[in-house]
file entry.cif (mmCIF, C-alpha atoms)
data_final
#
loop_
_atom_site.label_atom_id
_atom_site.label_comp_id
_atom_site.auth_asym_id
_atom_site.auth_seq_id
_atom_site.Cartn_x
_atom_site.Cartn_y
_atom_site.Cartn_z
CA MET A 1 -62.34 1.82 8.50
CA GLN A 2 -61.29 5.39 9.25
CA THR A 3 -60.30 7.73 6.43
CA LYS A 4 -58.78 11.18 6.44
CA LYS A 5 -60.16 14.32 4.85
CA ASN A 6 -58.78 15.44 1.49
CA ASN A 7 -56.52 18.12 2.92
CA GLN A 8 -55.06 15.68 5.46
CA THR A 9 -54.40 12.80 3.07
CA LYS A 10 -50.96 12.45 1.52
CA VAL A 11 -50.69 10.69 -1.82
CA GLY A 12 -47.55 9.33 -3.46
CA VAL A 13 -47.43 8.80 -7.23
CA ILE A 14 -44.66 6.44 -8.32
CA GLY A 15 -43.48 6.90 -11.90
CA LEU A 16 -43.79 10.46 -13.18
CA GLY A 17 -44.25 9.76 -16.87
CA TYR A 18 -47.19 10.24 -19.23
CA VAL A 19 -49.55 8.63 -16.71
CA GLY A 20 -48.07 9.52 -13.34
CA LEU A 21 -47.37 13.23 -13.78
CA PRO A 22 -50.88 14.18 -14.99
CA LEU A 23 -52.31 12.14 -12.11
CA ALA A 24 -50.08 13.92 -9.59
CA MET A 25 -51.09 17.28 -11.08
CA LEU A 26 -54.76 16.43 -10.63
CA PHE A 27 -54.29 15.56 -6.96
CA LEU A 28 -52.48 18.87 -6.50
CA LYS A 29 -55.28 20.79 -8.20
CA ASN A 30 -57.63 19.25 -5.65
CA ASN A 31 -55.53 20.44 -2.71
CA VAL A 32 -54.05 17.04 -1.88
CA LYS A 33 -50.44 16.99 -0.67
CA THR A 34 -48.63 14.89 -3.24
CA TYR A 35 -45.26 13.15 -3.34
CA GLY A 36 -43.86 12.29 -6.76
CA PHE A 37 -41.39 9.41 -6.93
CA ASP A 38 -39.18 8.55 -9.89
CA ILE A 39 -35.80 6.86 -10.35
CA ASP A 40 -34.90 9.38 -13.07
CA LYS A 41 -33.16 12.24 -11.28
CA THR A 42 -33.35 14.39 -14.42
CA LYS A 43 -37.14 14.42 -14.22
CA ILE A 44 -37.08 15.29 -10.52
CA ASP A 45 -34.63 18.13 -11.08
CA MET A 46 -36.74 19.56 -13.90
CA LEU A 47 -39.87 19.50 -11.74
CA LEU A 48 -38.06 21.12 -8.83
CA ASN A 49 -36.97 23.87 -11.23
CA GLY A 50 -40.48 24.40 -12.57
CA ARG A 51 -39.91 22.71 -15.93
CA SER A 52 -42.08 20.15 -17.70
CA TYR A 53 -40.78 17.28 -19.84
CA ILE A 54 -44.20 16.30 -21.21
CA GLY A 55 -45.61 18.26 -24.14
CA HIS A 56 -49.23 18.65 -23.02
CA ILE A 57 -48.19 19.81 -19.52
CA LYS A 58 -46.78 23.32 -19.69
CA SER A 59 -43.89 24.51 -17.54
CA ASP A 60 -46.08 27.34 -16.26
CA GLU A 61 -48.35 24.70 -14.69
CA ILE A 62 -45.36 23.21 -12.87
CA LYS A 63 -44.16 26.64 -11.72
CA SER A 64 -47.58 27.49 -10.32
CA ILE A 65 -47.60 24.53 -7.91
CA ASP A 66 -47.30 25.34 -4.22
CA SER A 67 -43.92 23.89 -3.21
CA GLU A 68 -45.36 22.94 0.17
CA MET A 69 -47.93 20.72 -1.56
CA PHE A 70 -45.72 18.93 -4.11
CA TYR A 71 -42.63 16.95 -3.22
CA PRO A 72 -40.86 15.35 -6.23
CA THR A 73 -38.08 13.02 -5.10
CA ILE A 74 -35.97 9.94 -5.81
CA ASP A 75 -35.96 9.17 -2.07
CA PHE A 76 -38.38 6.29 -1.52
CA SER A 77 -38.10 6.61 2.27
CA LYS A 78 -40.60 9.46 1.92
CA SER A 79 -43.21 6.88 0.90
CA ALA A 80 -43.68 6.17 4.60
CA ASP A 81 -45.33 9.59 4.87
CA CYS A 82 -47.96 8.68 2.26
CA ASP A 83 -51.44 7.37 3.01
CA ALA A 84 -51.84 6.18 -0.57
CA LEU A 85 -49.22 5.00 -3.05
CA ILE A 86 -50.18 4.82 -6.71
CA ILE A 87 -47.86 2.86 -9.01
CA CYS A 88 -47.67 4.18 -12.60
CA VAL A 89 -44.55 2.47 -13.95
CA PRO A 90 -44.03 0.91 -17.41
CA THR A 91 -45.05 -2.67 -18.14
CA PRO A 92 -43.35 -3.36 -21.49
CA LEU A 93 -42.74 -6.64 -23.31
CA THR A 94 -39.52 -8.61 -23.37
CA GLU A 95 -37.75 -9.35 -26.64
CA ASN A 96 -39.74 -12.61 -26.71
CA ARG A 97 -43.04 -10.66 -26.54
CA GLU A 98 -43.70 -11.74 -22.95
CA PRO A 99 -44.79 -9.46 -20.06
CA ASP A 100 -41.99 -7.59 -18.34
CA LEU A 101 -43.13 -6.70 -14.81
CA SER A 102 -39.64 -5.85 -13.56
CA TYR A 103 -40.52 -2.17 -13.04
CA VAL A 104 -43.46 -3.11 -10.82
CA GLU A 105 -41.37 -5.63 -8.87
CA GLU A 106 -38.49 -3.17 -8.43
CA THR A 107 -40.94 -0.54 -7.18
CA LEU A 108 -42.24 -2.90 -4.52
CA ILE A 109 -38.69 -3.69 -3.42
CA SER A 110 -37.98 0.05 -3.11
CA LEU A 111 -41.12 0.48 -0.97
CA ARG A 112 -40.50 -2.58 1.23
CA PRO A 113 -38.66 -0.89 4.15
CA TYR A 114 -41.25 1.89 4.37
CA LEU A 115 -44.58 0.08 4.18
CA ARG A 116 -46.85 0.71 7.15
CA LYS A 117 -50.32 -0.09 8.33
CA GLY A 118 -53.16 2.01 6.94
CA GLN A 119 -51.63 2.59 3.52
CA MET A 120 -53.40 1.98 0.23
CA ILE A 121 -51.32 0.69 -2.69
CA SER A 122 -52.86 1.02 -6.14
CA LEU A 123 -51.47 -0.32 -9.39
CA GLU A 124 -52.42 1.61 -12.54
CA SER A 125 -50.04 -0.05 -15.01
CA THR A 126 -51.63 -2.21 -17.69
CA THR A 127 -51.09 -5.91 -17.07
CA TYR A 128 -52.62 -9.37 -17.34
CA PRO A 129 -55.45 -10.65 -15.10
CA GLY A 130 -54.05 -11.95 -11.85
CA THR A 131 -51.08 -9.58 -11.54
CA THR A 132 -52.45 -7.64 -8.56
CA ARG A 133 -53.23 -10.82 -6.66
CA ASP A 134 -50.11 -12.77 -7.63
CA ILE A 135 -47.54 -9.99 -7.28
CA LEU A 136 -48.80 -7.12 -5.10
CA VAL A 137 -50.92 -9.08 -2.64
CA LYS A 138 -48.39 -11.87 -2.34
CA PHE A 139 -45.56 -9.39 -1.75
CA ILE A 140 -47.43 -7.50 0.96
CA GLU A 141 -48.54 -10.68 2.73
CA GLU A 142 -44.96 -11.94 2.72
CA GLU A 143 -44.03 -8.75 4.57
CA GLY A 144 -46.41 -9.78 7.36
CA PHE A 145 -49.36 -7.49 6.60
CA ILE A 146 -52.99 -8.54 6.30
CA VAL A 147 -54.38 -7.21 3.03
CA GLY A 148 -57.72 -5.54 3.62
CA GLU A 149 -56.97 -4.82 7.27
CA ASP A 150 -53.40 -3.51 7.48
CA ILE A 151 -52.74 -2.47 3.88
CA PHE A 152 -55.34 -1.98 1.16
CA VAL A 153 -54.54 -3.21 -2.35
CA VAL A 154 -56.30 -1.70 -5.37
CA TYR A 155 -56.09 -2.06 -9.13
CA SER A 156 -57.30 0.96 -11.10
CA PRO A 157 -56.13 1.02 -14.73
CA GLU A 158 -55.01 4.27 -16.28
CA ARG A 159 -57.03 5.60 -19.21
CA GLU A 160 -54.79 8.38 -20.45
CA ASP A 161 -55.20 9.65 -24.02
CA PRO A 162 -52.44 12.21 -24.61
CA GLY A 163 -53.41 14.92 -27.06
CA ASN A 164 -57.16 14.44 -26.55
CA LYS A 165 -58.56 17.90 -25.81
CA ASN A 166 -61.95 16.59 -24.72
CA PHE A 167 -60.86 14.09 -22.08
CA ASP A 168 -58.24 14.01 -19.35
CA VAL A 169 -57.82 12.16 -16.05
CA SER A 170 -60.48 14.27 -14.31
CA ASN A 171 -63.41 13.49 -16.63
CA ILE A 172 -62.63 9.94 -17.79
CA PRO A 173 -64.66 7.40 -15.74
CA LYS A 174 -62.32 5.59 -13.35
CA ILE A 175 -62.47 1.81 -12.99
CA ILE A 176 -61.59 0.76 -9.44
CA SER A 177 -61.25 -2.67 -7.90
CA GLY A 178 -59.98 -3.98 -4.60
CA HIS A 179 -58.59 -7.27 -3.36
CA THR A 180 -61.24 -7.11 -0.62
CA LEU A 181 -64.31 -4.94 -0.03
CA ASN A 182 -62.31 -2.84 2.44
CA CYS A 183 -59.66 -2.33 -0.26
CA LEU A 184 -62.33 -1.25 -2.74
CA GLU A 185 -63.81 1.20 -0.21
CA LYS A 186 -60.38 2.71 0.43
CA GLY A 187 -59.67 3.00 -3.29
CA GLN A 188 -62.99 4.73 -3.94
CA PHE A 189 -62.29 7.24 -1.18
CA ILE A 190 -58.84 8.14 -2.55
CA TYR A 191 -59.82 8.45 -6.20
CA ALA A 192 -63.09 10.28 -5.40
CA MET A 193 -60.90 13.19 -4.30
CA ILE A 194 -60.08 13.87 -7.95
CA ILE A 195 -62.61 12.00 -10.13
CA LYS A 196 -66.42 12.17 -9.99
CA ASN A 197 -67.34 9.14 -12.09
CA ILE A 198 -66.08 6.05 -10.24
CA VAL A 199 -66.79 2.61 -11.75
CA PRO A 200 -66.32 -0.12 -9.11
CA VAL A 201 -65.89 -3.71 -10.31
CA SER A 202 -66.03 -6.97 -8.38
CA SER A 203 -62.40 -8.06 -8.57
CA THR A 204 -58.94 -6.90 -9.54
CA GLU A 205 -58.96 -9.56 -12.27
CA ALA A 206 -62.09 -8.02 -13.81
CA ALA A 207 -60.48 -4.56 -13.81
CA GLU A 208 -57.28 -5.91 -15.33
CA MET A 209 -59.25 -7.68 -18.04
CA ALA A 210 -61.40 -4.59 -18.73
CA LYS A 211 -58.31 -2.52 -19.44
CA LEU A 212 -57.00 -5.14 -21.85
CA LEU A 213 -60.37 -5.40 -23.59
CA GLU A 214 -60.47 -1.63 -24.20
CA ASN A 215 -57.15 -1.64 -26.01
CA ILE A 216 -57.53 -5.00 -27.74
CA TYR A 217 -60.84 -3.75 -29.15
CA ARG A 218 -58.97 -0.87 -30.73
CA ALA A 219 -56.08 -3.05 -31.89
CA ILE A 220 -58.39 -5.50 -33.65
CA ASN A 221 -60.42 -2.80 -35.38
CA ILE A 222 -57.30 -0.93 -36.47
CA GLY A 223 -55.91 -4.21 -37.80
CA LEU A 224 -59.12 -4.73 -39.76
CA VAL A 225 -59.05 -1.32 -41.44
CA ASN A 226 -55.31 -1.65 -42.12
CA GLU A 227 -56.00 -4.90 -43.97
CA MET A 228 -58.90 -3.24 -45.79
CA LYS A 229 -56.58 -0.36 -46.72
CA ILE A 230 -54.10 -2.69 -48.41
CA LEU A 231 -56.89 -4.35 -50.37
CA ALA A 232 -58.48 -1.01 -51.27
CA ASN A 233 -55.16 0.43 -52.49
CA THR A 234 -54.62 -2.67 -54.63
CA MET A 235 -58.10 -2.24 -56.13
CA ASN A 236 -57.57 1.53 -56.60
CA ILE A 237 -60.32 2.36 -54.09
CA ASP A 238 -59.90 5.14 -51.50
CA ILE A 239 -60.32 3.46 -48.11
CA PHE A 240 -61.04 6.80 -46.42
CA GLU A 241 -63.98 7.42 -48.72
CA VAL A 242 -65.18 3.90 -47.93
CA ILE A 243 -64.94 4.44 -44.16
CA ASP A 244 -66.68 7.80 -44.29
CA ALA A 245 -69.49 6.29 -46.35
CA ALA A 246 -69.88 3.35 -43.95
CA ALA A 247 -69.88 5.73 -40.98
CA THR A 248 -73.12 7.33 -42.17
CA LYS A 249 -74.93 4.23 -40.89
CA PRO A 250 -76.40 5.36 -37.54
CA PHE A 251 -76.01 1.97 -35.85
CA GLY A 252 -73.76 -1.09 -35.88
CA PHE A 253 -70.60 0.64 -37.15
CA ASN A 254 -67.82 2.57 -35.42
CA ALA A 255 -65.28 4.28 -37.65
CA PHE A 256 -61.62 3.32 -37.21
CA TYR A 257 -58.95 4.70 -39.50
CA PRO A 258 -55.84 3.00 -40.91
CA GLY A 259 -52.26 4.13 -40.53
CA PRO A 260 -48.64 2.94 -40.67
CA GLY A 261 -49.10 0.66 -37.66
CA ILE A 262 -49.94 1.23 -34.01
CA GLY A 263 -47.91 2.82 -31.25
CA GLY A 264 -47.85 4.05 -27.69
CA HIS A 265 -47.41 2.03 -24.55
CA CYS A 266 -50.79 0.23 -24.59
CA ILE A 267 -52.30 -0.82 -27.92
CA PRO A 268 -49.21 -2.57 -29.42
CA ILE A 269 -48.48 -4.35 -26.13
CA ASP A 270 -51.76 -5.26 -24.44
CA PRO A 271 -52.85 -8.02 -26.86
CA PHE A 272 -49.65 -9.91 -26.10
CA TYR A 273 -50.22 -9.60 -22.34
CA LEU A 274 -53.55 -11.37 -22.68
CA THR A 275 -52.45 -13.99 -25.19
CA TRP A 276 -49.49 -14.86 -22.94
CA LYS A 277 -51.79 -15.33 -19.95
CA ALA A 278 -54.33 -17.25 -22.04
CA ARG A 279 -51.76 -19.94 -22.82
CA GLU A 280 -51.55 -20.68 -19.09
CA TYR A 281 -55.20 -21.72 -19.31
CA GLY A 282 -54.73 -23.68 -22.54
CA VAL A 283 -56.61 -21.11 -24.64
CA ASN A 284 -55.33 -20.10 -28.07
CA THR A 285 -56.37 -16.51 -28.78
CA LYS A 286 -55.92 -16.69 -32.56
CA PHE A 287 -58.09 -13.69 -33.38
CA ILE A 288 -56.27 -11.34 -30.99
CA GLU A 289 -52.83 -12.56 -32.02
CA LEU A 290 -53.61 -12.18 -35.72
CA ALA A 291 -54.60 -8.53 -35.26
CA GLY A 292 -51.45 -7.84 -33.24
CA GLU A 293 -49.20 -9.46 -35.83
CA PHE A 294 -50.93 -7.70 -38.72
CA ASN A 295 -50.51 -4.29 -37.11
CA ARG A 296 -46.83 -5.02 -36.48
CA GLU A 297 -46.36 -5.74 -40.20
CA MET A 298 -47.79 -2.41 -41.38
CA PRO A 299 -44.44 -0.52 -41.38
CA LYS A 300 -43.19 -3.09 -43.93
CA TYR A 301 -46.14 -2.26 -46.14
CA VAL A 302 -45.34 1.46 -45.91
CA VAL A 303 -41.73 0.77 -46.92
CA SER A 304 -42.93 -1.33 -49.86
CA ARG A 305 -44.93 1.70 -51.02
CA ILE A 306 -41.86 3.93 -50.62
CA VAL A 307 -39.93 1.52 -52.84
CA GLU A 308 -42.76 1.51 -55.37
CA GLY A 309 -42.84 5.30 -55.50
CA LEU A 310 -39.08 5.60 -55.83
CA ASN A 311 -39.06 3.01 -58.64
CA LYS A 312 -41.56 5.14 -60.59
CA ASN A 313 -39.06 7.98 -60.29
CA LYS A 314 -36.29 5.61 -61.52
CA LYS A 315 -34.61 5.46 -58.12
CA CYS A 316 -33.89 2.66 -55.68
CA ILE A 317 -34.16 2.96 -51.93
CA ASN A 318 -30.45 2.27 -51.42
CA GLY A 319 -28.82 5.70 -51.28
CA SER A 320 -32.10 7.64 -51.50
CA LYS A 321 -32.77 10.42 -49.02
CA ILE A 322 -35.96 9.75 -47.07
CA LEU A 323 -37.69 12.24 -44.76
CA ILE A 324 -40.10 10.90 -42.13
CA LEU A 325 -42.80 13.37 -41.14
CA GLY A 326 -43.82 12.75 -37.54
CA LEU A 327 -41.88 10.68 -35.02
CA ALA A 328 -44.61 10.51 -32.36
CA TYR A 329 -46.96 7.51 -32.41
CA LYS A 330 -50.02 9.77 -32.81
CA LYS A 331 -50.61 13.35 -33.81
CA ASN A 332 -50.07 16.43 -31.65
CA ILE A 333 -48.09 14.71 -28.86
CA ASP A 334 -44.41 14.19 -28.01
CA ASP A 335 -44.50 10.46 -27.20
CA GLN A 336 -42.40 8.24 -29.49
CA ARG A 337 -42.86 4.96 -27.57
CA GLU A 338 -43.57 2.02 -29.88
CA SER A 339 -44.05 4.46 -32.75
CA PRO A 340 -44.42 2.84 -36.17
CA SER A 341 -42.40 5.77 -37.53
CA ILE A 342 -39.33 4.32 -35.86
CA ASP A 343 -39.95 0.88 -37.34
CA ILE A 344 -40.20 2.50 -40.78
CA MET A 345 -36.93 4.32 -40.15
CA GLU A 346 -35.21 1.08 -39.15
CA LEU A 347 -36.44 -0.72 -42.27
CA VAL A 348 -35.40 2.12 -44.57
CA ARG A 349 -31.96 2.28 -42.95
CA LYS A 350 -31.59 -1.49 -43.33
CA ASP A 351 -32.30 -1.12 -47.07
CA GLY A 352 -29.63 1.56 -47.42
CA GLY A 353 -31.85 4.63 -47.31
CA LEU A 354 -30.59 7.85 -45.72
CA ILE A 355 -32.99 8.92 -42.97
CA ASP A 356 -34.03 12.27 -41.52
CA TYR A 357 -37.18 13.25 -39.67
CA ALA A 358 -39.27 16.33 -38.94
CA ASP A 359 -41.36 16.54 -35.79
CA PRO A 360 -41.77 19.82 -33.91
CA TYR A 361 -42.91 17.92 -30.81
CA ILE A 362 -39.70 15.87 -30.62
CA PRO A 363 -36.70 18.14 -31.33
CA HIS A 364 -34.20 15.32 -30.78
CA PHE A 365 -34.57 11.56 -31.10
CA LYS A 366 -35.00 10.19 -27.59
CA LYS A 367 -32.79 7.25 -26.69
CA MET A 368 -34.64 3.94 -26.60
CA ARG A 369 -33.76 0.42 -25.53
CA SER A 370 -34.02 -1.07 -29.02
CA HIS A 371 -33.47 1.89 -31.36
CA SER A 372 -30.69 4.40 -31.83
CA PHE A 373 -30.70 7.35 -34.23
CA GLU A 374 -28.40 10.34 -33.75
CA LEU A 375 -30.93 12.68 -35.31
CA SER A 376 -32.64 15.99 -34.66
CA SER A 377 -35.80 17.30 -36.26
CA ILE A 378 -35.16 19.30 -39.43
CA VAL A 379 -36.88 22.58 -40.26
CA LEU A 380 -39.76 21.98 -42.64
CA ASN A 381 -39.48 24.43 -45.53
CA ALA A 382 -39.57 24.31 -49.32
CA GLU A 383 -35.78 24.20 -49.69
CA ASN A 384 -35.38 21.27 -47.31
CA LEU A 385 -38.32 19.29 -48.73
CA ALA A 386 -36.83 19.51 -52.23
CA LYS A 387 -33.68 17.73 -51.03
CA TYR A 388 -35.42 14.42 -50.37
CA ASP A 389 -36.25 11.67 -52.82
CA ALA A 390 -39.28 10.70 -50.73
CA VAL A 391 -41.22 12.36 -47.92
CA VAL A 392 -43.20 9.90 -45.77
CA LEU A 393 -46.21 11.20 -43.83
CA SER A 394 -46.17 8.88 -40.84
CA THR A 395 -47.79 11.07 -38.17
CA ASP A 396 -50.29 13.72 -39.26
CA HIS A 397 -49.57 16.55 -36.81
CA ASP A 398 -51.93 19.50 -37.21
CA VAL A 399 -48.98 21.92 -37.23
CA PHE A 400 -47.60 20.56 -40.50
CA ASP A 401 -48.18 22.74 -43.57
CA TYR A 402 -49.66 20.15 -45.92
CA ASP A 403 -49.81 22.52 -48.89
CA LEU A 404 -46.10 23.21 -48.45
CA ILE A 405 -45.36 19.48 -48.25
CA ILE A 406 -47.27 18.33 -51.34
CA ASN A 407 -46.18 21.30 -53.46
CA ASN A 408 -42.44 21.02 -52.74
CA SER A 409 -41.75 17.28 -52.46
CA LYS A 410 -40.61 15.01 -55.28
CA LEU A 411 -42.62 12.15 -53.79
CA VAL A 412 -45.05 12.03 -50.86
CA VAL A 413 -45.94 8.67 -49.32
CA ASP A 414 -49.11 9.25 -47.29
CA SER A 415 -49.77 6.57 -44.67
CA ARG A 416 -52.42 8.60 -42.82
CA GLY A 417 -54.83 9.53 -45.60
CA LYS A 418 -54.27 13.26 -45.16
CA TYR A 419 -54.45 13.83 -48.90
CA SER A 420 -57.67 11.78 -49.14
CA THR A 421 -59.69 13.97 -46.79
CA GLY A 422 -60.78 17.58 -46.25
CA LYS A 423 -59.87 20.06 -48.97
CA TYR A 424 -57.63 17.47 -50.66
CA LYS A 425 -60.43 14.94 -51.04
CA LYS A 426 -61.14 15.43 -54.76
CA LEU A 427 -57.66 16.49 -55.85
CA ILE A 428 -55.21 14.33 -57.79
CA PHE A 429 -51.48 14.66 -57.10
CA GLN A 430 -48.94 13.11 -59.47
CA ASN A 431 -46.29 12.99 -56.74
CA LEU A 432 -48.48 11.12 -54.21
CA ILE A 433 -48.40 7.45 -53.17
CA LYS A 434 -51.07 6.26 -50.72
CA ALA A 435 -49.75 3.87 -48.07
#
call {"tool": "encode", "arguments": {"input": "entry.cif", "output": "structure tokens"}}
result
Amino acid sequence: MQTKKNNQTKVGVIGLGYVGLPLAMLFLKNNVKTYGFDIDKTKIDMLLNGRSYIGHIKSDEIKSIDSEMFYPTIDFSKSADCDALIICVPTPLTENREPDLSYVEETLISLRPYLRKGQMISLESTTYPGTTRDILVKFIEEEGFIVGEDIFVVYSPEREDPGNKNFDVSNIPKIISGHTLNCLEKGQFIYAMIIKNIVPVSSTEAAEMAKLLENIYRAINIGLVNEMKILANTMNIDIFEVIDAAATKPFGFNAFYPGPGIGGHCIPIDPFYLTWKAREYGVNTKFIELAGEFNREMPKYVVSRIVEGLNKNKKCINGSKILILGLAYKKNIDDQRESPSIDIMELVRKDGGLIDYADPYIPHFKKMRSHSFELSSIVLNAENLAKYDAVVLSTDHDVFDYDLIINNSKLVVDSRGKYSTGKYKKLIFQNLIKA
């Protein structure tokens, strides 16, 4: 199988979101001509004008790209120019908590007229075992190509961790699988252009399952500490002190920390992808499903603690002004997908509370399929904090002034344990409720 040199290979990244754009940037940094495809013309226009729409990618980085090396476009006919096409589109759940692969299927339909021999097609989106074989391979074979000879099909799951300063696409080991050995060889060649540590696995199903295991492992452990947090709060024990003490054991324990729920595109969704597929094989994944359901219930627990705190101040939630601190699903990023903060906001609004939020990473609430708030981030100062009956710490961004918050709020509901750690560890605050 013949392969081109790095500077001759043309790569197309489909879906320029939190996964696709950093991947495209890495190819460009390694002198690989890169096409960026997206159906959102706003994103394409911003890139063409040297502007970034993702917080951890600065506009200066976009401006510095050689325009002859990067071609952002909504025109899928340009995919015919690409030697490798890497699909990084969303794989959400339906309202019935079942896999929604419509974005993947629509991408393949858009590529159909332009497929040609010699191309590699890689799927990076998280999905259930068997997706690559049952959807990508089947589609390409129906177009008359022989997979492994004409077109090379690869599954290589993304491992993005936005906001992590120690790891990015370039230094995270890359799992790669192929439908055939030729496919695997092609995938290794393409990804080796940008990543040193390649981890080949025997089948696309194994790679798909590995990705699910990574995130289900986190979901289950987060569910465990969330349950422990509720018990600890009831028993008047600080769960963060407990975790830190347990973490001193040098073996057999990994520290996970509780919060208001789980968010992002992977951890809240992946368990349901696997449990859905497991039912096809007659397997009931009770353990995985229980963790997923427990994590989904955490926003309700936070709201119950808001109600408890307001009651102590002789107020009810109906008509109270509630400020949510942090809209993003994790600290120091601008991604609000599946954020438990939004679930808390919905529950408070349903109970008659008046909602505002403060998040410097998300100046305006981004429109979502299932949620709608016509809100913009407020300025966090003493005067504004004093206006609210309760201030809920939902996402513990480093940029927040935590002294300002605790000293100027009538009630602080801390779902992240910020006031149980660091310099606040031994302090007692009369206006604090731990959630």
call {"tool": "resolve_selection", "arguments": {"input": "entry.cif", "expression": "the PyMOL selection byres ((chain A and resi 396) around 6)", "output": "list in words"}}
result
Lys331, Thr395 and His397 of chain A
call {"tool": "residues_near_point", "arguments": {"input": "entry.cif", "point": "(-46.8, 16.2, -49.2)", "cutoff": "12 Å", "atoms": "all atoms listed in the file", "output": "PyMOL selection string"}}
result
chain A and resi 323-325+380-382+385-386+388+390-394+396+400-420+424+429-434
call {"tool": "closest_residue", "arguments": {"input": "entry.cif", "among": "A:Tyr53, A:Tyr128, A:Tyr357, A:Phe145", "to": "Lys277 in chain A", "atoms": "all atoms listed in the file"}}
result
A:Tyr128
call {"tool": "closest_residue", "arguments": {"input": "entry.cif", "among": "A:Leu427, A:Ile216, A:Leu224, A:Ile62", "to": "Lys29 in chain A", "atoms": "all atoms listed in the file"}}
result
A:Ile62
call {"tool": "resolve_selection", "arguments": {"input": "entry.cif", "expression": "the PyMOL selection byres ((chain A and resi 151) around 12)", "output": "PyMOL selection string"}}
result
chain A and resi 1+83-85+115-122+136-137+139-141+143-150+152-154+178-180+182-184+186-187
call {"tool": "residues_near_point", "arguments": {"input": "entry.cif", "point": "(-58.1, 6.0, -9.9)", "cutoff": "6 Å", "atoms": "all atoms listed in the file", "output": "PyMOL selection string"}}
result
chain A and resi 156+174+191
call {"tool": "atom_distance", "arguments": {"input": "entry.cif", "atom1": "CA of Ala24 in chain A", "atom2": "CA of Gly12 in chain A"}}
result
8.1 Å
call {"tool": "decode", "arguments": {"input": "entry.cif", "residues": "range 398-410 of chain A", "atoms": "N, CA and C atoms", "output": "JSON list (two decimals), in the first residue's frame"}}
result
[["chain", "number", "residue", "atom", "x", "y", "z"],
["A", 398, "ASP", "N", -11.54, 29.09, 38.22],
["A", 398, "ASP", "CA", -10.44, 29.70, 38.97],
["A", 398, "ASP", "C", -10.54, 31.23, 39.01],
["A", 399, "VAL", "N", -11.18, 31.82, 38.02],
["A", 399, "VAL", "CA", -11.23, 33.29, 37.94],
["A", 399, "VAL", "C", -12.21, 33.90, 38.94],
["A", 400, "PHE", "N", -13.09, 33.09, 39.53],
["A", 400, "PHE", "CA", -14.01, 33.64, 40.51],
["A", 400, "PHE", "C", -13.26, 34.11, 41.76],
["A", 401, "ASP", "N", -13.72, 35.20, 42.33],
["A", 401, "ASP", "CA", -13.17, 35.74, 43.58],
["A", 401, "ASP", "C", -13.99, 35.13, 44.73],
["A", 402, "TYR", "N", -13.47, 34.07, 45.33],
["A", 402, "TYR", "CA", -14.26, 33.33, 46.31],
["A", 402, "TYR", "C", -14.39, 34.07, 47.65],
["A", 403, "ASP", "N", -13.43, 34.93, 47.96],
["A", 403, "ASP", "CA", -13.60, 35.79, 49.13],
["A", 403, "ASP", "C", -14.75, 36.76, 48.91],
["A", 404, "LEU", "N", -14.78, 37.37, 47.75],
["A", 404, "LEU", "CA", -15.85, 38.30, 47.40],
["A", 404, "LEU", "C", -17.22, 37.61, 47.50],
["A", 405, "ILE", "N", -17.28, 36.38, 46.99],
["A", 405, "ILE", "CA", -18.56, 35.66, 46.96],
["A", 405, "ILE", "C", -19.06, 35.35, 48.36],
["A", 406, "ILE", "N", -18.23, 34.76, 49.19],
["A", 406, "ILE", "CA", -18.68, 34.33, 50.52],
["A", 406, "ILE", "C", -18.94, 35.52, 51.44],
["A", 407, "ASN", "N", -18.24, 36.63, 51.22],
["A", 407, "ASN", "CA", -18.36, 37.78, 52.11],
["A", 407, "ASN", "C", -19.51, 38.72, 51.74],
["A", 408, "ASN", "N", -20.10, 38.53, 50.57],
["A", 408, "ASN", "CA", -21.13, 39.47, 50.11],
["A", 408, "ASN", "C", -22.45, 38.80, 49.71],
["A", 409, "SER", "N", -22.56, 37.51, 49.96],
["A", 409, "SER", "CA", -23.78, 36.79, 49.60],
["A", 409, "SER", "C", -24.60, 36.46, 50.85],
["A", 410, "LYS", "N", -25.92, 36.54, 50.73],
["A", 410, "LYS", "CA", -26.80, 36.18, 51.84],
["A", 410, "LYS", "C", -26.72, 34.68, 52.12]]
